[in-house]
>>> print(open('entry07.csv').read())   # CSV, C-alpha atoms
chain,number,residue,atom,x,y,z
Q,1,MET,CA,-8.9,-49.5,27.1
Q,2,LYS,CA,-10.1,-48.7,23.6
Q,3,THR,CA,-13.0,-46.6,24.9
Q,4,ASP,CA,-10.7,-44.5,27.1
Q,5,ASN,CA,-8.6,-43.7,24.0
Q,6,ASP,CA,-11.7,-43.0,22.0
Q,7,LYS,CA,-13.0,-40.6,24.6
Q,8,THR,CA,-9.7,-38.8,24.9
Q,9,LEU,CA,-9.5,-38.5,21.1
Q,10,LEU,CA,-13.0,-37.2,21.0
Q,11,TYR,CA,-12.3,-34.5,23.7
Q,12,ILE,CA,-9.2,-33.4,21.8
Q,13,VAL,CA,-11.0,-33.1,18.5
Q,14,GLY,CA,-14.0,-31.4,20.2
Q,15,GLY,CA,-11.7,-28.9,21.9
Q,16,ILE,CA,-9.9,-28.1,18.7
Q,17,ALA,CA,-13.2,-27.6,16.9
Q,18,ALA,CA,-14.5,-25.4,19.7
Q,19,TYR,CA,-11.4,-23.3,19.6
Q,20,PHE,CA,-11.7,-22.6,15.8
Q,21,ALA,CA,-15.5,-22.3,15.7
Q,22,VAL,CA,-16.1,-20.3,18.9
Q,23,LEU,CA,-13.1,-19.1,20.9
Q,24,ARG,CA,-10.8,-17.9,18.1
Q,25,PRO,CA,-13.4,-15.5,16.4
Q,26,ILE,CA,-14.1,-14.0,19.9
Q,27,LEU,CA,-10.4,-13.5,20.5
Q,28,GLU,CA,-9.9,-12.0,17.1
Q,29,ARG,CA,-12.8,-9.5,17.7
Q,30,LEU,CA,-11.2,-8.5,21.0
Q,31,GLY,CA,-7.9,-8.1,19.3
Q,32,ILE,CA,-6.1,-10.7,21.4
Q,33,VAL,CA,-5.4,-13.0,18.5
Q,34,LYS,CA,-4.5,-11.6,15.1
Q,35,THR,CA,-6.7,-12.4,12.1
Q,36,SER,CA,-5.2,-14.1,9.1
Q,37,GLU,CA,-5.2,-10.8,7.2
Q,38,GLU,CA,-3.3,-9.1,10.1
Q,39,GLN,CA,-0.8,-11.9,10.2
Q,40,LYS,CA,-0.2,-11.7,6.5
Q,41,GLN,CA,0.3,-7.9,6.7
Q,42,GLN,CA,2.7,-8.3,9.6
Q,43,ASN,CA,4.7,-11.0,7.7
Q,44,TYR,CA,4.8,-8.7,4.6
Q,45,GLU,CA,6.0,-5.7,6.7
Q,46,GLU,CA,8.7,-7.9,8.3
Q,47,SER,CA,9.9,-9.1,4.9
Q,48,GLU,CA,10.0,-5.5,3.7
Q,49,LYS,CA,12.0,-4.4,6.7
Q,50,LYS,CA,14.5,-7.2,6.2
Q,51,LYS,CA,14.8,-6.2,2.5
Q,52,TYR,CA,15.7,-2.6,3.5
Q,53,LEU,CA,18.0,-3.7,6.2
Q,54,ASP,CA,20.1,-5.8,3.8
Q,55,PRO,CA,23.5,-4.1,3.3
Q,56,GLY,CA,23.1,-4.1,-0.5
Q,57,ALA,CA,19.4,-3.0,-0.6
Q,58,GLU,CA,18.3,0.5,-1.4
Q,59,LYS,CA,17.3,2.5,1.6
Q,60,PRO,CA,14.4,5.0,1.4
Q,61,THR,CA,15.4,8.6,1.6
Q,62,LYS,CA,12.3,9.6,3.6
Q,63,SER,CA,10.3,7.8,6.3
Q,64,PRO,CA,7.1,6.0,5.4
Q,65,GLY,CA,5.2,8.8,7.2
Q,66,GLU,CA,6.7,11.5,4.9
Q,67,TRP,CA,5.7,9.4,1.9
Q,68,VAL,CA,2.1,9.3,3.3
Q,69,ILE,CA,2.1,13.1,3.4
Q,70,ILE,CA,3.5,13.4,-0.1
Q,71,ALA,CA,0.9,10.8,-1.4
Q,72,ASP,CA,-1.9,12.9,0.3
Q,73,GLN,CA,-0.6,16.0,-1.4
Q,74,ILE,CA,-0.6,14.3,-4.8
Q,75,TYR,CA,-4.2,13.2,-4.2
Q,76,GLN,CA,-5.2,16.7,-3.1
Q,77,ASP,CA,-3.6,18.0,-6.3
Q,78,LEU,CA,-5.4,15.6,-8.6
Q,79,LYS,CA,-8.6,14.4,-7.0
Q,80,PHE,CA,-11.1,16.7,-8.8
Q,81,SER,CA,-10.5,15.3,-12.4
Q,82,ARG,CA,-8.8,18.2,-14.1
Q,83,ILE,CA,-11.3,20.9,-13.0
Q,84,SER,CA,-9.1,22.4,-10.3
Q,85,ASP,CA,-6.1,20.2,-10.4
Q,86,ASN,CA,-2.7,21.5,-9.5
Q,87,ARG,CA,-0.9,19.3,-12.1
Q,88,ALA,CA,2.5,21.1,-11.8
Q,89,ASP,CA,2.7,20.4,-8.0
Q,90,ALA,CA,1.6,16.8,-8.5
Q,91,GLY,CA,4.4,16.3,-11.0
Q,92,TYR,CA,6.8,17.9,-8.6
Q,93,GLN,CA,5.7,15.6,-5.7
Q,94,VAL,CA,6.0,12.5,-7.9
Q,95,ALA,CA,9.5,13.5,-9.0
Q,96,ARG,CA,10.6,13.7,-5.3
Q,97,VAL,CA,11.2,10.0,-5.5
Q,98,LYS,CA,15.0,9.3,-5.5
Q,99,ASN,CA,15.2,5.5,-5.7
Q,100,ASN,CA,13.2,2.3,-6.1
Q,101,ALA,CA,12.6,2.0,-2.3
Q,102,ASP,CA,11.2,5.6,-2.3
Q,103,PHE,CA,8.8,4.8,-5.2
Q,104,LYS,CA,7.7,1.6,-3.5
Q,105,LEU,CA,6.8,3.5,-0.3
Q,106,LEU,CA,5.1,6.3,-2.2
Q,107,TYR,CA,3.0,3.8,-4.3
Q,108,LYS,CA,2.0,1.9,-1.1
Q,109,ALA,CA,1.2,5.1,0.7
Q,110,PHE,CA,-1.0,6.3,-2.1
Q,111,GLY,CA,-3.0,3.0,-2.3
Q,112,ASN,CA,-6.3,3.2,-4.2
Q,113,ARG,CA,-8.2,6.5,-4.0
Q,114,GLN,CA,-11.4,7.9,-5.5
Q,115,GLU,CA,-11.5,10.7,-8.1
Q,116,TYR,CA,-14.3,13.2,-8.2
Q,117,THR,CA,-16.1,15.3,-10.8
Q,118,PHE,CA,-18.1,18.2,-9.3
Q,119,GLY,CA,-18.0,16.5,-5.9
Q,120,ILE,CA,-19.4,13.3,-7.3
Q,121,PRO,CA,-17.3,10.1,-7.4
Q,122,ALA,CA,-16.1,9.5,-10.9
Q,123,GLY,CA,-15.5,5.8,-11.8
Q,124,GLY,CA,-13.8,3.4,-9.5
Q,125,THR,CA,-10.8,3.9,-7.3
Q,126,LYS,CA,-7.4,4.4,-8.9
Q,127,ASP,CA,-3.8,3.8,-7.8
Q,128,LEU,CA,-1.0,6.3,-8.2
Q,129,ALA,CA,-0.1,5.3,-11.7
Q,130,GLN,CA,-3.7,5.6,-12.9
Q,131,PHE,CA,-4.0,9.0,-11.3
Q,132,ILE,CA,-0.9,10.3,-12.9
Q,133,VAL,CA,-1.6,8.9,-16.4
Q,134,ASP,CA,-5.3,10.1,-16.3
Q,135,ASN,CA,-4.6,13.6,-15.0
Q,136,LEU,CA,-1.2,14.8,-16.3
Q,137,GLU,CA,-0.3,15.8,-19.8
Q,138,ARG,CA,1.9,13.4,-21.8
Q,139,ASP,CA,4.8,15.8,-21.8
Q,140,GLN,CA,4.6,16.1,-18.0
Q,141,ILE,CA,4.6,12.3,-17.7
Q,142,ASN,CA,7.6,12.2,-20.1
Q,143,ILE,CA,9.5,14.6,-17.9
Q,144,ILE,CA,8.8,12.4,-14.8
Q,145,ASN,CA,9.8,9.3,-16.7
Q,146,LYS,CA,13.1,10.9,-17.8
Q,147,ASN,CA,13.7,12.0,-14.2
Q,148,TYR,CA,13.1,8.4,-13.1
Q,149,ARG,CA,15.5,7.0,-15.7
Q,150,VAL,CA,18.2,9.4,-14.6
Q,151,LYS,CA,17.8,8.2,-11.0
Q,152,LYS,CA,17.7,4.5,-12.2
Q,153,ILE,CA,14.2,4.0,-11.0
Q,154,ASN,CA,12.6,0.9,-12.6
Q,155,PHE,CA,9.0,2.2,-12.7
Q,156,GLN,CA,7.8,4.3,-15.7
Q,157,PHE,CA,4.4,5.8,-16.1
>>> encode(input="entry07.csv", output="structure tokens")
Amino acid sequence: MKTDNDKTLLYIVGGIAAYFAVLRPILERLGIVKTSEEQKQQNYEESEKKKYLDPGAEKPTKSPGEWVIIADQIYQDLKFSRISDNRADAGYQVARVKNNADFKLLYKAFGNRQEYTFGIPAGGTKDLAQFIVDNLERDQINIINKNYRVKKINFQF
């Protein structure tokens, strides 16, 4: 009887090992099973949705897609490292944020992007805060920060 249990246990362990070593990577590549990174991203997005659906939580004033467009405009305004920057428009776009939820969506939509000098990548990628601090004058940043304080936005550049 012991050998039958040993065989069964060996088949179970072998099947589990085969699943994780062979079958799961194939299923992930085919898109049938989510990778651990995709699962983490989905869990994060679900927690963010729950946060915004809470009755007391701040609601964004624009859709995530609109914030992507605004983030792209900020990037277009500042990506050439002061040579042909439209700093006034970038300051206006950043000031369109109306609450903490808006800022979070804008920051996430901007992500990390490359800055260029004469069409050549300059340094590493930068997030929204680094782009603003590196490319706007201090008085422009102070105006944005004042705007954020009036709107009770926690983030300051």
>>> atom_distance(input="entry07.csv", atom1="CA of Gln114 (chain Q)", atom2="CA of Asp134 (chain Q)")
12.6 Å
>>> closest_residue(input="entry07.csv", among="Q:Thr61, Q:Asn145, Q:Gln156, Q:Thr3", to="Asp102 (chain Q)", atoms="all atoms listed in the file")
Q:Thr61
>>> residues_around(input="entry07.csv", residues="Tyr75 (chain Q)", least_positions_apart="4", cutoff="10 Å", atoms="all atoms listed in the file", output="number ranges by chain")
Q: 69-71, 79-80, 85-86, 90, 110, 113-115, 128, 131-132
>>> write_last_selection(input="entry07.csv", atoms="C-alpha atoms", output="PDB file, in the frame of the given file")
ATOM      1  CA  ILE Q  69       2.100  13.100   3.400  1.00  0.00           C
ATOM      2  CA  ILE Q  70       3.500  13.400  -0.100  1.00  0.00           C
ATOM      3  CA  ALA Q  71       0.900  10.800  -1.400  1.00  0.00           C
ATOM      4  CA  LYS Q  79      -8.600  14.400  -7.000  1.00  0.00           C
ATOM      5  CA  PHE Q  80     -11.100  16.700  -8.800  1.00  0.00           C
ATOM      6  CA  ASP Q  85      -6.100  20.200 -10.400  1.00  0.00           C
ATOM      7  CA  ASN Q  86      -2.700  21.500  -9.500  1.00  0.00           C
ATOM      8  CA  ALA Q  90       1.600  16.800  -8.500  1.00  0.00           C
ATOM      9  CA  PHE Q 110      -1.000   6.300  -2.100  1.00  0.00           C
ATOM     10  CA  ARG Q 113      -8.200   6.500  -4.000  1.00  0.00           C
ATOM     11  CA  GLN Q 114     -11.400   7.900  -5.500  1.00  0.00           C
ATOM     12  CA  GLU Q 115     -11.500  10.700  -8.100  1.00  0.00           C
ATOM     13  CA  LEU Q 128      -1.000   6.300  -8.200  1.00  0.00           C
ATOM     14  CA  PHE Q 131      -4.000   9.000 -11.300  1.00  0.00           C
ATOM     15  CA  ILE Q 132      -0.900  10.300 -12.900  1.00  0.00           C
TER      16      ILE Q 132
END
>>> closest_atom_pairs(input="entry07.csv", of="region 52-103 of chain Q", to="region 147-150 of chain Q", cutoff="12 Å", atoms="only C-alpha atoms", output="tab-separated table")
residue	atom	partner	partner_atom	distance
Q:Gly91	CA	Q:Asn147	CA	10.7
Q:Tyr92	CA	Q:Asn147	CA	10.7
Q:Val94	CA	Q:Tyr148	CA	9.7
Q:Ala95	CA	Q:Asn147	CA	6.9
Q:Arg96	CA	Q:Asn147	CA	9.6
Q:Val97	CA	Q:Tyr148	CA	8.0
Q:Lys98	CA	Q:Tyr148	CA	7.9
Q:Asn99	CA	Q:Tyr148	CA	8.2
Q:Asn100	CA	Q:Tyr148	CA	9.3
Q:Asp102	CA	Q:Tyr148	CA	11.3
Q:Phe103	CA	Q:Tyr148	CA	9.7
>>> atom_distance(input="entry07.csv", atom1="CA of Asn142 (chain Q)", atom2="CA of Phe157 (chain Q)")
8.2 Å
>>> closest_residue(input="entry07.csv", among="Q:Ile141, Q:Leu105, Q:Val33, Q:Ile16", to="Gly65 (chain Q)", atoms="all atoms listed in the file")
Q:Leu105
>>> atom_distance(input="entry07.csv", atom1="CA of Ala109 (chain Q)", atom2="CA of Trp67 (chain Q)")
6.3 Å
>>> residues_around(input="entry07.csv", residues="Asp89 (chain Q)", least_positions_apart="6", cutoff="9 Å", atoms="only C-alpha atoms", output="ChimeraX atom specification")
/Q:73-74,77
>>> decode(input="entry07.csv", residues="region 103-116 of chain Q", atoms="N, CA and C atoms", output="PDB file, in the first residue's frame")
ATOM      1  N   PHE Q 103      -4.081  64.827  -9.585  1.00  0.00           N
ATOM      2  CA  PHE Q 103      -2.622  64.818  -9.648  1.00  0.00           C
ATOM      3  C   PHE Q 103      -2.089  63.389  -9.745  1.00  0.00           C
ATOM      4  N   LYS Q 104      -2.683  62.494  -8.998  1.00  0.00           N
ATOM      5  CA  LYS Q 104      -2.230  61.100  -9.034  1.00  0.00           C
ATOM      6  C   LYS Q 104      -2.381  60.525 -10.446  1.00  0.00           C
ATOM      7  N   LEU Q 105      -3.501  60.817 -11.107  1.00  0.00           N
ATOM      8  CA  LEU Q 105      -3.710  60.324 -12.468  1.00  0.00           C
ATOM      9  C   LEU Q 105      -2.744  60.980 -13.461  1.00  0.00           C
ATOM     10  N   LEU Q 106      -2.489  62.282 -13.299  1.00  0.00           N
ATOM     11  CA  LEU Q 106      -1.550  62.968 -14.188  1.00  0.00           C
ATOM     12  C   LEU Q 106      -0.144  62.409 -14.009  1.00  0.00           C
ATOM     13  N   TYR Q 107       0.276  62.232 -12.778  1.00  0.00           N
ATOM     14  CA  TYR Q 107       1.618  61.721 -12.495  1.00  0.00           C
ATOM     15  C   TYR Q 107       1.788  60.317 -13.064  1.00  0.00           C
ATOM     16  N   LYS Q 108       0.778  59.492 -12.876  1.00  0.00           N
ATOM     17  CA  LYS Q 108       0.829  58.120 -13.390  1.00  0.00           C
ATOM     18  C   LYS Q 108       0.832  58.125 -14.921  1.00  0.00           C
ATOM     19  N   ALA Q 109       0.017  58.996 -15.524  1.00  0.00           N
ATOM     20  CA  ALA Q 109      -0.052  59.063 -16.989  1.00  0.00           C
ATOM     21  C   ALA Q 109       1.268  59.547 -17.575  1.00  0.00           C
ATOM     22  N   PHE Q 110       1.955  60.446 -16.883  1.00  0.00           N
ATOM     23  CA  PHE Q 110       3.227  60.958 -17.387  1.00  0.00           C
ATOM     24  C   PHE Q 110       4.302  59.879 -17.323  1.00  0.00           C
ATOM     25  N   GLY Q 111       4.344  59.136 -16.253  1.00  0.00           N
ATOM     26  CA  GLY Q 111       5.326  58.063 -16.114  1.00  0.00           C
ATOM     27  C   GLY Q 111       6.740  58.597 -16.148  1.00  0.00           C
ATOM     28  N   ASN Q 112       7.663  57.874 -16.766  1.00  0.00           N
ATOM     29  CA  ASN Q 112       9.049  58.295 -16.953  1.00  0.00           C
ATOM     30  C   ASN Q 112       9.301  58.489 -18.433  1.00  0.00           C
ATOM     31  N   ARG Q 113       9.850  59.657 -18.773  1.00  0.00           N
ATOM     32  CA  ARG Q 113      10.065  59.981 -20.183  1.00  0.00           C
ATOM     33  C   ARG Q 113      11.459  60.557 -20.396  1.00  0.00           C
ATOM     34  N   GLN Q 114      11.900  60.485 -21.630  1.00  0.00           N
ATOM     35  CA  GLN Q 114      13.241  60.904 -22.011  1.00  0.00           C
ATOM     36  C   GLN Q 114      13.247  62.362 -22.452  1.00  0.00           C
ATOM     37  N   GLU Q 115      14.247  63.108 -22.031  1.00  0.00           N
ATOM     38  CA  GLU Q 115      14.444  64.480 -22.473  1.00  0.00           C
ATOM     39  C   GLU Q 115      15.536  64.479 -23.549  1.00  0.00           C
ATOM     40  N   TYR Q 116      15.470  65.429 -24.490  1.00  0.00           N
ATOM     41  CA  TYR Q 116      16.402  65.463 -25.614  1.00  0.00           C
ATOM     42  C   TYR Q 116      17.088  66.823 -25.717  1.00  0.00           C
TER      43      TYR Q 116
END
